[in-house]
Amino acid sequence: MKKVSILASLFLTLLVFSCKKAEVQNPLSDFKNLSIGSYITRASDLNLNMDYNKPASKVGITVDQYGSEVDKIVLYVVEGANPTPSAWKKIKEIPFTGNGTEISATEGDVAKALGVTADKLSPGNYYTFYNQVVTKDGKTYDVSNTPGALENNSNYNSVFRWQAYVTCPYVQGQMGGKYKVLQDDWADWVPGDVVTVTETAGKNQLNLSQVWPNPAYGDLVDPLLVNVDPATGTASVPFVTFGAYSPLTSAQGSGDGDVAGYAFACTGYITLSMQVIYNGSNQGNLKLVLQKQ
């Protein structure tokens, strides 16, 4: 047994040595032969809301660089989202002046790039801005030629794209009523179902207690309330245990006071993204979209 063990150890040693030797001889394994690449990181958000029908309203972020030196950033836009470069509409080229460089566009810039007038950028619509990085040695980097693992890992803080909504004010007393469900990731309702939304008098607050939970599946524990900024329609959802779903345990929805979505009086449109915890398990950020009837 001892002799077998010695021979086995010798074989493994030779195998490891052979692998190491092959790796050293392979030029593709030498990091010196790989290009560095470049991307920009998100330093801060300046504003992500465009005021409805105000061409001078500006949205933007500030960015830093990582990797090869950046020469400029080409800014594109699409209505909604589309990662295919052929669908992007160019807004402008922005010289990179160092960390903290501003990337921004006015509502008028967006409308011009899309070939429409500013009043066609309706509240509730969102626009995705795609940043194409051009380095000083002439290479370009954007979502089409960059691994998704880089963009999707928050530790890198990369910003190949960002979004902005067109907003309009929330008007107390105009948001209560019947709504059609356009999307419910929690699946208490299906698209096309009609639900009731009420308002808390004098508080710029919506009450979704007749939406989540659906009484066919769960019992109400505490009201699911949505606080709305009257100037922009920006909505947030405080942490709350909103339903008890037998035979398991409760469901909790939370925006923790952060931006959860929007509620627009001018279009009767509500869109929310809320973290849901069910039976102690985090279900992720689930979207609820409602349109007033």
# chains A, B, ... in the order shown; residues from 1 in each chain; ligands from 1
$ residues_around --residues "segment 169-174 of chain A" --least-positions-apart "3" --cutoff "9 Å" --atoms "only C-alpha atoms" --output "PyMOL selection string"
chain A and resi 51+177+199-205+228-234+263-266+268
$ residues_around --residues "Leu288 of chain A" --least-positions-apart "5" --cutoff "12 Å" --atoms "only C-alpha atoms" --output "ChimeraX atom specification"
/A:179-191,195,208,211-212,253,260-263,269-276
$ closest_residue --among "A:Thr198, A:Tyr217, A:Pro83, A:Lys292" --to "Gly148 of chain A" --atoms "only C-alpha atoms"
A:Pro83
$ closest_residue --among "A:Gly192, A:Lys89, A:Val133, A:Tyr165" --to "Asn47 of chain A" --atoms "only C-alpha atoms"
A:Tyr165
$ residues_around --residues "Asn49 of chain A" --least-positions-apart "2" --cutoff "12 Å" --atoms "only C-alpha atoms" --output "PyMOL selection string"
chain A and resi 45-47+51-52+54+57-61+104-107+121+123-127+162-169+231-234+259+261-262
$ select_by_dssp --residues "segment 3-240 of chain A" --states "strand (DSSP E or B)" --output "VMD selection string"
chain A and resid 38 to 47 49 to 51 58 to 67 70 to 79 89 to 95 101 to 106 126 to 135 140 to 141 158 161 to 167 177 to 184 194 to 200 205 to 207 219 to 220 225 to 228 234 to 236 240
$ atom_distance --atom1 "atom CA of Val289 of chain A" --atom2 "atom CA of Ser122 of chain A"
16.3 Å
$ atom_distance --atom1 "atom CA of Glu69 of chain A" --atom2 "atom CA of Lys90 of chain A"
22.3 Å
$ atom_distance --atom1 "atom CA of Ala56 of chain A" --atom2 "atom CA of Val116 of chain A"
15.1 Å
$ closest_residue --among "A:Val78, A:Ala251, A:Met50, A:Met175" --to "Thr267 of chain A" --atoms "only C-alpha atoms"
A:Met175
